[in-house]
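Printed here is run.cif (mmCIF, C-alpha atoms):
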```
data_protein
loop_
_atom_site.label_atom_id
_atom_site.label_comp_id
_atom_site.auth_asym_id
_atom_site.auth_seq_id
_atom_site.Cartn_x
_atom_site.Cartn_y
_atom_site.Cartn_z
CA MET B 1 -22.41 34.67 156.97
CA ILE B 2 -25.28 37.13 157.42
CA ALA B 3 -25.58 38.39 161.01
CA ASP B 4 -27.64 40.88 162.97
CA ARG B 5 -24.74 41.89 165.17
CA LEU B 6 -20.98 41.55 165.47
CA LEU B 7 -19.16 41.94 168.78
CA ILE B 8 -15.46 42.79 168.56
CA ASP B 9 -12.69 44.43 170.61
CA CYS B 10 -13.43 42.03 173.45
CA ARG B 11 -11.93 39.19 175.43
CA LEU B 12 -14.08 36.11 175.86
CA ALA B 13 -14.43 33.77 178.82
CA THR B 14 -16.52 31.32 176.83
CA MET B 15 -16.78 28.74 179.66
CA ALA B 16 -16.99 26.22 176.83
CA PRO B 17 -14.93 23.03 177.23
CA ALA B 18 -14.26 22.98 173.49
CA PHE B 19 -12.35 26.26 173.71
CA ALA B 20 -10.60 25.24 176.91
CA GLY B 21 -9.31 22.23 175.02
CA MET B 22 -7.78 24.40 172.28
CA GLY B 23 -4.51 25.27 174.01
CA GLY B 24 -5.71 24.70 177.57
CA GLU B 25 -6.82 28.28 178.23
CA ALA B 26 -8.55 28.73 181.59
CA TYR B 27 -12.20 29.81 181.39
CA GLY B 28 -12.21 28.75 177.72
CA ALA B 29 -10.68 32.17 177.14
CA ILE B 30 -10.11 33.87 173.80
CA GLU B 31 -8.01 36.99 174.32
CA GLU B 32 -8.96 38.72 171.06
CA GLY B 33 -12.41 37.38 170.33
CA ALA B 34 -15.39 38.04 168.13
CA ILE B 35 -19.03 36.92 168.20
CA LEU B 36 -21.57 36.92 165.37
CA ILE B 37 -25.24 36.90 166.41
CA ARG B 38 -28.33 36.18 164.33
CA ASP B 39 -31.95 35.82 165.42
CA GLY B 40 -30.98 35.95 169.09
CA ARG B 41 -28.48 33.12 168.86
CA ILE B 42 -24.72 32.85 168.57
CA LEU B 43 -23.92 32.24 164.92
CA TRP B 44 -20.13 32.06 165.29
CA VAL B 45 -17.56 32.64 168.04
CA GLY B 46 -13.79 32.51 167.96
CA ALA B 47 -10.60 34.47 167.59
CA ARG B 48 -11.07 37.70 165.66
CA GLY B 49 -8.27 36.71 163.32
CA ALA B 50 -10.34 33.69 162.26
CA LEU B 51 -13.55 35.67 161.70
CA PRO B 52 -15.23 34.29 158.55
CA ALA B 53 -16.52 36.43 155.72
CA HIS B 54 -19.73 38.04 156.93
CA GLU B 55 -22.20 40.87 156.76
CA ALA B 56 -23.45 42.33 160.05
CA ALA B 57 -26.23 44.88 160.41
CA GLU B 58 -24.60 46.32 163.53
CA THR B 59 -21.11 46.17 165.04
CA ASP B 60 -20.42 46.71 168.74
CA ARG B 61 -16.88 47.50 169.87
CA LEU B 62 -16.59 46.59 173.55
CA GLY B 63 -13.41 48.45 174.47
CA GLY B 64 -11.37 45.38 175.36
CA ARG B 65 -13.83 44.30 178.04
CA TRP B 66 -14.34 40.69 179.09
CA VAL B 67 -17.49 38.91 177.94
CA THR B 68 -18.91 35.87 179.73
CA PRO B 69 -22.10 33.90 179.28
CA GLY B 70 -24.97 35.53 181.12
CA LEU B 71 -24.97 34.23 184.68
CA VAL B 72 -27.56 31.61 185.63
CA ASP B 73 -29.08 31.66 189.12
CA CYS B 74 -30.39 28.11 189.30
CA HIS B 75 -31.94 28.18 192.81
CA THR B 76 -34.07 31.09 194.07
CA HIS B 77 -37.23 31.73 196.02
CA LEU B 78 -37.56 35.15 194.40
CA VAL B 79 -41.35 35.52 194.76
CA PHE B 80 -42.61 35.99 198.32
CA GLY B 81 -44.43 38.42 200.58
CA GLY B 82 -42.90 40.35 203.47
CA ASP B 83 -39.48 39.65 204.91
CA ARG B 84 -38.01 37.92 207.98
CA SER B 85 -35.56 40.47 209.29
CA GLY B 86 -36.99 39.90 212.77
CA GLU B 87 -35.94 36.25 212.62
CA PHE B 88 -32.50 37.39 211.51
CA GLU B 89 -32.29 39.28 214.79
CA GLN B 90 -33.48 36.17 216.68
CA ARG B 91 -30.78 34.03 215.12
CA LEU B 92 -28.17 36.61 216.03
CA GLY B 93 -29.50 36.34 219.57
CA GLY B 94 -28.86 32.60 219.60
CA ALA B 95 -32.05 30.99 218.31
CA THR B 96 -31.53 28.16 215.81
CA TYR B 97 -33.31 27.79 212.48
CA GLU B 98 -35.06 24.67 213.79
CA GLU B 99 -36.23 26.46 216.97
CA ILE B 100 -37.68 29.33 214.97
CA ALA B 101 -39.43 26.94 212.57
CA ARG B 102 -40.92 24.82 215.36
CA ALA B 103 -42.25 27.97 217.06
CA GLY B 104 -44.26 28.91 213.98
CA GLY B 105 -41.69 31.14 212.33
CA GLY B 106 -39.52 30.39 209.38
CA ILE B 107 -41.24 29.34 206.19
CA VAL B 108 -44.70 29.48 207.78
CA SER B 109 -44.37 33.21 208.52
CA SER B 110 -43.56 33.86 204.88
CA VAL B 111 -46.59 31.78 203.91
CA ALA B 112 -48.93 34.16 205.75
CA ALA B 113 -47.41 37.23 204.08
CA THR B 114 -47.46 35.62 200.64
CA ARG B 115 -51.07 34.51 200.94
CA ALA B 116 -52.05 38.08 201.86
CA ALA B 117 -50.27 39.68 198.89
CA SER B 118 -51.81 40.21 195.46
CA GLU B 119 -50.15 39.06 192.26
CA ASP B 120 -49.22 42.66 191.46
CA GLN B 121 -47.69 43.13 194.92
CA LEU B 122 -45.68 39.94 194.61
CA TYR B 123 -44.51 40.93 191.15
CA ALA B 124 -43.41 44.40 192.27
CA SER B 125 -41.49 43.12 195.28
CA ALA B 126 -39.80 40.40 193.23
CA LEU B 127 -38.63 42.98 190.69
CA GLY B 128 -36.70 44.76 193.42
CA ARG B 129 -34.77 41.59 194.24
CA LEU B 130 -34.39 40.72 190.56
CA ALA B 131 -32.73 44.10 189.97
CA GLY B 132 -29.83 42.98 192.17
CA LEU B 133 -29.44 39.76 190.21
CA LYS B 134 -29.57 41.51 186.83
CA ALA B 135 -27.01 44.08 188.00
CA THR B 136 -24.62 41.19 188.67
CA GLY B 137 -24.98 39.68 185.21
CA VAL B 138 -27.88 37.25 185.62
CA THR B 139 -29.80 36.46 182.44
CA THR B 140 -31.60 33.28 183.60
CA VAL B 141 -33.22 32.69 186.97
CA GLU B 142 -35.04 29.73 188.48
CA ILE B 143 -38.02 30.70 190.67
CA LYS B 144 -39.72 28.34 193.11
CA SER B 145 -43.16 28.39 194.63
CA GLY B 146 -43.47 27.05 198.18
CA TYR B 147 -44.64 30.06 200.18
CA GLY B 148 -48.30 29.46 199.37
CA LEU B 149 -48.90 25.87 200.47
CA ASP B 150 -52.47 26.06 199.25
CA ARG B 151 -53.77 25.76 195.72
CA GLU B 152 -54.66 29.42 195.22
CA THR B 153 -51.37 30.86 196.44
CA GLU B 154 -49.06 28.29 194.87
CA LEU B 155 -50.66 28.99 191.48
CA LYS B 156 -50.47 32.72 192.18
CA MET B 157 -46.73 32.51 192.84
CA LEU B 158 -46.10 30.50 189.71
CA ARG B 159 -48.14 32.92 187.60
CA VAL B 160 -46.00 35.77 188.94
CA ALA B 161 -42.86 33.83 188.04
CA ARG B 162 -44.12 33.32 184.49
CA ARG B 163 -44.92 37.05 184.27
CA ILE B 164 -41.36 37.88 185.31
CA GLY B 165 -40.13 35.72 182.45
CA ARG B 166 -42.38 37.54 179.97
CA GLU B 167 -41.83 41.09 181.13
CA ALA B 168 -38.66 41.55 183.19
CA GLY B 169 -35.81 40.88 180.78
CA VAL B 170 -34.68 37.48 182.07
CA ARG B 171 -35.29 33.87 181.19
CA VAL B 172 -37.27 32.12 183.95
CA ARG B 173 -37.59 28.46 184.87
CA THR B 174 -40.23 27.61 187.45
CA SER B 175 -40.21 24.92 190.12
CA TYR B 176 -43.25 23.75 192.08
CA LEU B 177 -42.12 23.44 195.71
CA GLY B 178 -45.32 22.27 197.33
CA LEU B 179 -43.51 20.12 199.91
CA HIS B 180 -41.66 23.02 201.51
CA ALA B 181 -43.38 23.07 204.91
CA VAL B 182 -46.64 21.85 206.41
CA PRO B 183 -49.04 24.82 206.56
CA PRO B 184 -50.62 25.63 209.93
CA GLU B 185 -54.09 24.45 208.93
CA TRP B 186 -52.76 20.94 208.23
CA LYS B 187 -50.46 20.50 211.24
CA ALA B 188 -52.80 17.93 212.74
CA ASP B 189 -53.03 15.90 209.51
CA ARG B 190 -49.87 16.30 207.44
CA GLY B 191 -50.79 13.26 205.36
CA ARG B 192 -53.81 15.03 203.96
CA TYR B 193 -51.62 18.02 203.10
CA VAL B 194 -49.22 15.75 201.21
CA ASP B 195 -52.25 14.35 199.36
CA LEU B 196 -53.33 17.89 198.47
CA ALA B 197 -49.87 18.94 197.28
CA VAL B 198 -49.35 15.79 195.21
CA ASP B 199 -52.78 14.99 193.84
CA ASP B 200 -54.41 18.42 193.53
CA ILE B 201 -52.04 21.40 193.41
CA LEU B 202 -49.30 19.92 191.22
CA PRO B 203 -51.70 18.63 188.54
CA ALA B 204 -53.51 21.98 188.54
CA ALA B 205 -50.26 23.91 188.12
CA HIS B 206 -49.11 21.55 185.39
CA ALA B 207 -52.42 21.84 183.54
CA GLU B 208 -52.03 25.62 183.52
CA GLY B 209 -48.52 25.35 182.07
CA LEU B 210 -46.87 26.86 185.13
CA VAL B 211 -44.34 24.16 186.06
CA ASP B 212 -40.94 23.37 184.55
CA ALA B 213 -39.69 21.18 187.43
CA VAL B 214 -40.79 19.81 190.80
CA ASP B 215 -38.87 20.39 194.05
CA ALA B 216 -39.20 19.42 197.71
CA TYR B 217 -37.52 20.03 201.07
CA CYS B 218 -36.31 16.71 202.48
CA GLU B 219 -35.35 17.11 206.16
CA PRO B 220 -36.64 15.88 209.55
CA ILE B 221 -38.19 19.34 210.12
CA ALA B 222 -39.83 19.19 206.68
CA PHE B 223 -40.69 16.06 204.64
CA SER B 224 -39.53 12.45 204.67
CA THR B 225 -38.04 10.54 201.77
CA GLY B 226 -41.29 8.59 201.53
CA GLU B 227 -43.41 11.73 201.26
CA VAL B 228 -41.04 13.26 198.73
CA GLY B 229 -41.04 10.00 196.78
CA ARG B 230 -44.81 10.28 196.35
CA LEU B 231 -44.42 13.80 194.93
CA PHE B 232 -41.64 12.69 192.61
CA ASP B 233 -43.70 9.74 191.38
CA LYS B 234 -46.44 12.20 190.43
CA ALA B 235 -43.90 14.46 188.72
CA ARG B 236 -42.60 11.48 186.75
CA ALA B 237 -46.14 10.58 185.70
CA LEU B 238 -46.61 14.14 184.42
CA GLY B 239 -43.29 14.09 182.57
CA LEU B 240 -41.68 16.72 184.81
CA PRO B 241 -38.04 16.67 185.99
CA VAL B 242 -37.29 16.89 189.71
CA LYS B 243 -34.77 18.54 192.01
CA LEU B 244 -34.36 18.45 195.78
CA HIS B 245 -33.39 20.48 198.82
CA ALA B 246 -31.22 17.70 200.24
CA ASP B 247 -29.16 17.03 203.36
CA GLN B 248 -28.88 20.68 204.42
CA LEU B 249 -29.20 20.06 208.15
CA SER B 250 -28.56 16.31 208.38
CA ASP B 251 -27.71 13.35 206.16
CA GLY B 252 -31.21 12.02 205.71
CA GLY B 253 -30.67 10.26 202.41
CA GLY B 254 -31.78 13.22 200.30
CA ALA B 255 -28.93 13.04 197.82
CA ALA B 256 -29.49 9.33 197.29
CA LEU B 257 -33.20 9.97 196.78
CA ALA B 258 -32.42 12.65 194.19
CA ALA B 259 -30.16 10.16 192.40
CA LYS B 260 -32.84 7.45 192.50
CA TYR B 261 -35.20 9.74 190.59
CA GLY B 262 -32.55 11.05 188.18
CA ALA B 263 -32.97 14.57 189.55
CA LEU B 264 -31.55 17.57 187.77
CA SER B 265 -29.90 18.62 191.02
CA ALA B 266 -29.51 18.07 194.75
CA ASP B 267 -29.20 21.44 196.48
CA HIS B 268 -27.44 22.43 199.73
CA ILE B 269 -26.00 18.92 200.52
CA GLU B 270 -23.83 20.16 203.41
CA HIS B 271 -24.29 16.86 205.23
CA THR B 272 -24.26 14.45 202.30
CA GLY B 273 -21.92 11.52 202.87
CA GLU B 274 -19.81 9.60 200.37
CA ALA B 275 -22.59 7.14 199.55
CA GLY B 276 -24.84 10.01 198.55
CA VAL B 277 -22.10 11.63 196.48
CA ARG B 278 -21.45 8.35 194.67
CA ALA B 279 -25.15 8.02 193.93
CA MET B 280 -25.24 11.55 192.52
CA ALA B 281 -22.22 10.83 190.35
CA GLY B 282 -23.78 7.67 188.97
CA ALA B 283 -27.03 9.44 188.11
CA GLY B 284 -25.46 12.65 186.76
CA VAL B 285 -27.10 14.81 189.43
CA VAL B 286 -25.69 18.33 189.75
CA ALA B 287 -24.70 19.54 193.22
CA VAL B 288 -26.04 23.08 193.73
CA LEU B 289 -23.99 24.92 196.34
CA LEU B 290 -25.77 27.68 198.26
CA PRO B 291 -23.18 29.69 200.19
CA GLY B 292 -25.61 32.46 201.13
CA ALA B 293 -27.63 30.14 203.36
CA TYR B 294 -24.44 28.64 204.77
CA LEU B 295 -23.28 32.15 205.72
CA MET B 296 -26.56 33.39 207.14
CA LEU B 297 -27.15 30.26 209.23
CA ARG B 298 -23.53 30.34 210.42
CA GLU B 299 -23.14 26.70 209.48
CA THR B 300 -19.88 24.94 210.24
CA THR B 301 -20.19 21.83 208.06
CA PRO B 302 -19.48 22.74 204.43
CA PRO B 303 -20.59 20.66 201.45
CA PRO B 304 -18.28 17.73 200.72
CA ILE B 305 -16.30 19.54 198.01
CA ALA B 306 -13.39 17.07 197.97
CA LEU B 307 -15.78 14.14 197.54
CA LEU B 308 -17.67 15.93 194.79
CA ARG B 309 -14.42 16.56 192.92
CA ARG B 310 -13.16 13.03 193.49
CA HIS B 311 -16.32 11.47 192.10
CA GLY B 312 -16.75 13.95 189.26
CA VAL B 313 -20.01 15.55 190.41
CA ALA B 314 -20.63 18.86 188.64
CA MET B 315 -20.99 21.79 191.06
CA ALA B 316 -23.31 24.74 190.43
CA VAL B 317 -23.49 27.93 192.50
CA ALA B 318 -26.69 29.89 193.21
CA THR B 319 -27.95 32.62 195.53
CA ASP B 320 -30.88 30.77 197.16
CA CYS B 321 -32.42 34.26 197.35
CA ASN B 322 -35.15 33.91 199.99
CA PRO B 323 -36.59 35.88 202.92
CA GLY B 324 -35.34 33.72 205.76
CA THR B 325 -32.00 32.04 205.29
CA SER B 326 -30.40 33.71 202.26
CA PRO B 327 -31.46 37.30 201.58
CA LEU B 328 -28.81 37.40 198.86
CA ALA B 329 -29.55 39.16 195.56
CA SER B 330 -26.12 39.14 193.92
CA MET B 331 -24.68 36.31 191.84
CA THR B 332 -21.16 37.71 191.99
CA ALA B 333 -21.43 37.71 195.78
CA ALA B 334 -22.57 34.07 195.66
CA ILE B 335 -19.54 33.25 193.48
CA ASN B 336 -17.23 35.04 195.93
CA LEU B 337 -18.74 33.21 198.91
CA ALA B 338 -18.42 29.86 197.16
CA CYS B 339 -14.70 30.52 196.80
CA VAL B 340 -14.13 31.92 200.29
CA GLN B 341 -16.31 29.48 202.25
CA PHE B 342 -16.11 26.30 200.16
CA ARG B 343 -12.69 26.84 198.54
CA LEU B 344 -13.87 26.58 194.96
CA THR B 345 -11.44 28.04 192.49
CA PRO B 346 -12.65 31.20 190.69
CA GLU B 347 -12.94 29.20 187.48
CA GLU B 348 -14.97 26.47 189.20
CA ALA B 349 -17.25 29.09 190.74
CA LEU B 350 -17.82 30.93 187.45
CA ALA B 351 -18.54 27.63 185.69
CA GLY B 352 -20.93 26.93 188.57
CA GLY B 353 -22.80 30.14 187.84
CA THR B 354 -22.91 29.59 184.07
CA ARG B 355 -22.42 26.24 182.33
CA ILE B 356 -23.10 23.97 185.33
CA ALA B 357 -26.03 26.07 186.54
CA ALA B 358 -27.56 25.70 183.09
CA LYS B 359 -27.19 21.92 183.42
CA ALA B 360 -28.92 22.08 186.82
CA LEU B 361 -31.94 23.53 185.00
CA GLY B 362 -31.80 21.11 182.08
CA LEU B 363 -30.79 23.99 179.80
CA GLU B 364 -27.19 23.10 178.99
CA ALA B 365 -27.98 22.89 175.25
CA GLU B 366 -29.46 26.40 175.30
CA ILE B 367 -27.43 28.65 177.62
CA GLY B 368 -24.44 28.74 179.96
CA ALA B 369 -21.53 29.00 177.51
CA ILE B 370 -20.54 31.17 174.56
CA GLU B 371 -20.88 28.61 171.78
CA ALA B 372 -22.37 28.60 168.31
CA GLY B 373 -26.02 27.62 168.41
CA LYS B 374 -26.65 28.74 171.98
CA ALA B 375 -28.78 31.73 172.94
CA ALA B 376 -26.95 35.05 172.80
CA ASP B 377 -27.20 35.67 176.56
CA LEU B 378 -24.06 37.59 177.52
CA ALA B 379 -22.57 39.72 180.28
CA VAL B 380 -19.89 42.34 179.57
CA TRP B 381 -17.60 43.24 182.47
CA ASP B 382 -15.27 46.05 183.49
CA ILE B 383 -12.53 43.72 184.67
CA GLU B 384 -8.98 42.86 183.67
CA ARG B 385 -9.20 39.12 184.34
CA PRO B 386 -12.11 36.73 184.95
CA ALA B 387 -10.99 35.94 188.52
CA GLU B 388 -12.17 39.43 189.50
CA LEU B 389 -15.74 38.18 189.32
CA ALA B 390 -14.93 36.00 192.34
CA TYR B 391 -12.59 38.52 193.96
CA TRP B 392 -14.62 41.70 194.35
CA LEU B 393 -17.43 41.76 196.90
CA GLY B 394 -19.85 44.61 196.28
CA LYS B 395 -17.98 46.49 193.55
CA PRO B 396 -20.13 47.16 190.45
CA LEU B 397 -18.50 45.23 187.60
CA LEU B 398 -21.20 44.83 184.95
CA ALA B 399 -20.94 47.08 181.89
CA ARG B 400 -23.70 45.62 179.67
CA ARG B 401 -26.10 42.68 179.63
CA MET B 402 -27.64 40.92 176.64
CA VAL B 403 -30.58 38.48 176.57
CA GLY B 404 -31.52 36.76 173.35
CA GLY B 405 -29.31 39.04 171.27
CA ARG B 406 -30.76 42.25 172.72
CA TRP B 407 -28.87 44.64 174.96
CA ASP B 408 -30.58 46.06 178.03
CA ALA B 409 -31.97 49.52 177.34
#
```
Spit out the file's structure as structure tokens when you get a sec.
Amino acid sequence: MIADRLLIDCRLATMAPAFAGMGGEAYGAIEEGAILIRDGRILWVGARGALPAHEAAETDRLGGRWVTPGLVDCHTHLVFGGDRSGEFEQRLGGATYEEIARAGGGIVSSVAATRAASEDQLYASALGRLAGLKATGVTTVEIKSGYGLDRETELKMLRVARRIGREAGVRVRTSYLGLHAVPPEWKADRGRYVDLAVDDILPAAHAEGLVDAVDAYCEPIAFSTGEVGRLFDKARALGLPVKLHADQLSDGGGAALAAKYGALSADHIEHTGEAGVRAMAGAGVVAVLLPGAYLMLRETTPPPIALLRRHGVAMAVATDCNPGTSPLASMTAAINLACVQFRLTPEEALAGGTRIAAKALGLEAEIGAIEAGKAADLAVWDIERPAELAYWLGKPLLARRMVGGRWDA
């Protein structure tokens, strides 16, 4: 084998079911592992003692450190203007999320700040939040629009997201989130806004090559299943996959709607009942758990973890990094919170931030596990066992990060 790079003197948490099946090691672990990389992809991975004959241009000895797939943050609102720290103070004073939203705060306040910001300003502010994600091992990030709610600003946000993917050392998947909130100028005629989002903005974004998936916020304070269905019908006509903010504040049938459209994921789902979980299981919809929002909103109804396990629904974990309800810019913190608040095991949570998160983006064939043929997106950690990634809260653990076979400078 001819390789660009060989990684040795390392322990691997491959997160690959094939390796977990070889002796039943947790995390798909290989205690004395080796990885061959060529052209940005994993050429071979396995026990060092089984390393095939090879030539490698470079060899990296990793000092016995653990290597995992690069983490995948599959639900963020990374691009936005301003912040909502004032609303944070209001919530601490007793105001509810719904009360703030109905009074003109919430998403709408971020819309004003985002509309006022230039593309360069949005890019610069997003890089600050991205730095926190990268420092916690993230190599792929999903970025939503949804703070523009007009054609110009939605396209602006998506262009910034694409620029991050080109220039900032991470893979980026974009989601058009036009049905996030009704903008102030359309409060008196929400139907016309839905028309605009579905029939004008989405096709324009798609024509410009800015959209990888289509998302919506399905709640009584946001959009109905009928309105979301119109958006998803348009997405289907354009050949775009869908995902959904579902059942965060009430069981409004969001999970079932996601299943009906074969969505990549249903996200939040704190209030999803067993019928919704069964529908997700039947359609192969990933449940994306967002413990940052659960923490910040001081919710008391957790996602139905036991039902998800019982019905075999795959569970991803993400930060939901956003200005209002989850100002969280650390994937290891999200993994910790998923364990502490939702009682995921550390292995479940790490799978949720790697292999399952990749599935929630439709990228399971490309990233999310250390397997031959996949992209060489890796995180190297100063830890003694993989459970530390769920255990420590705030301790710097990342030693090195690789995207597409290239180490960070």
Discussion item. Selection in question (the file shown): the PyMOL selection byres ((chain B and resi 193) around 12). Which residues does it include, as number ranges by chain?
Written reply: B: 149-151, 178-192, 194-201, 223, 227, 231
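Across the structure, CA of Cys74 in chain B and CA of Val288 in chain B are spaced 8.0 Å apart.
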Discussion item. Expand the PyMOL selection byres ((chain B and resi 315-330) around 7) into the explicit residue set it covers here, and present it as a VMD selection string.
Written reply: chain B and resid 73 to 78 83 to 84 106 129 132 to 133 136 286 to 290 292 to 293 296 to 297 313 to 314 331 to 335 349 352 to 353 356 to 357
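Look at Leu71 in chain B: the protein and nucleic acid residues within 7 Å of it, using all atoms listed in the file and passing over chain neighbours fewer than 2 places away, are Pro69, Asp73, Gly137, Val138, Thr139, Thr140, Gly353 and Thr354 of chain B.
Nearest residue to Asp377 in chain B among B:Pro303, B:Gly273, B:Gly40, B:Pro220 is B:Gly40, counting all atoms listed in the file.
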Item to complete: Would you kindly return, as a list in words, each protein, DNA or RNA residue with an atom no farther than 9 Å from any atom of Val277 in chain B, considering all atoms listed in the file and excluding same-chain residues fewer than 2 positions away?
Response: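 Here the qualifying residues turn out to be Ala255, Ala256, Thr272, Gly273, Glu274, Ala275, Ala279, Met280, Ala281, Gly282, Ala287, Pro304, Leu307, Leu308, His311 and Val313 of chain B.
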Padding 4 Å on every side, please: axis-aligned box over the listed atoms of range 225-234 of chain B, centre and edge lengths to one decimal in Å, as AutoDock Vina command-line options.
```
--center_x -42.2 --center_y 11.2 --center_z 196.1 --size_x 16.4 --size_y 13.2 --size_z 19.3
```
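Proximity of B:Ala246, B:Ile42, B:Leu62, B:Ala50 to Glu270 in chain B, computed with only C-alpha atoms, is greatest for B:Ala246.
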Test item: the PyMOL selection byres ((chain B and resi 369) around 10) resolved as a compact mmCIF listing (two decimals) with C-alpha atoms, in the frame of the given file:
```txt
# COMPACT_ATOMS: atom_id res chain seq x y z
CA ALA B 13 -14.43 33.77 178.82
CA THR B 14 -16.52 31.32 176.83
CA MET B 15 -16.78 28.74 179.66
CA ALA B 16 -16.99 26.22 176.83
CA PRO B 17 -14.93 23.03 177.23
CA GLY B 28 -12.21 28.75 177.72
CA THR B 68 -18.91 35.87 179.73
CA PRO B 69 -22.10 33.90 179.28
CA GLY B 70 -24.97 35.53 181.12
CA LEU B 71 -24.97 34.23 184.68
CA ALA B 351 -18.54 27.63 185.69
CA THR B 354 -22.91 29.59 184.07
CA ARG B 355 -22.42 26.24 182.33
CA ILE B 356 -23.10 23.97 185.33
CA ALA B 358 -27.56 25.70 183.09
CA GLU B 364 -27.19 23.10 178.99
CA ALA B 365 -27.98 22.89 175.25
CA GLU B 366 -29.46 26.40 175.30
CA ILE B 367 -27.43 28.65 177.62
CA GLY B 368 -24.44 28.74 179.96
CA ILE B 370 -20.54 31.17 174.56
CA GLU B 371 -20.88 28.61 171.78
CA ALA B 372 -22.37 28.60 168.31
CA LYS B 374 -26.65 28.74 171.98
CA ALA B 375 -28.78 31.73 172.94
CA ALA B 376 -26.95 35.05 172.80
CA ASP B 377 -27.20 35.67 176.56
CA LEU B 378 -24.06 37.59 177.52
```
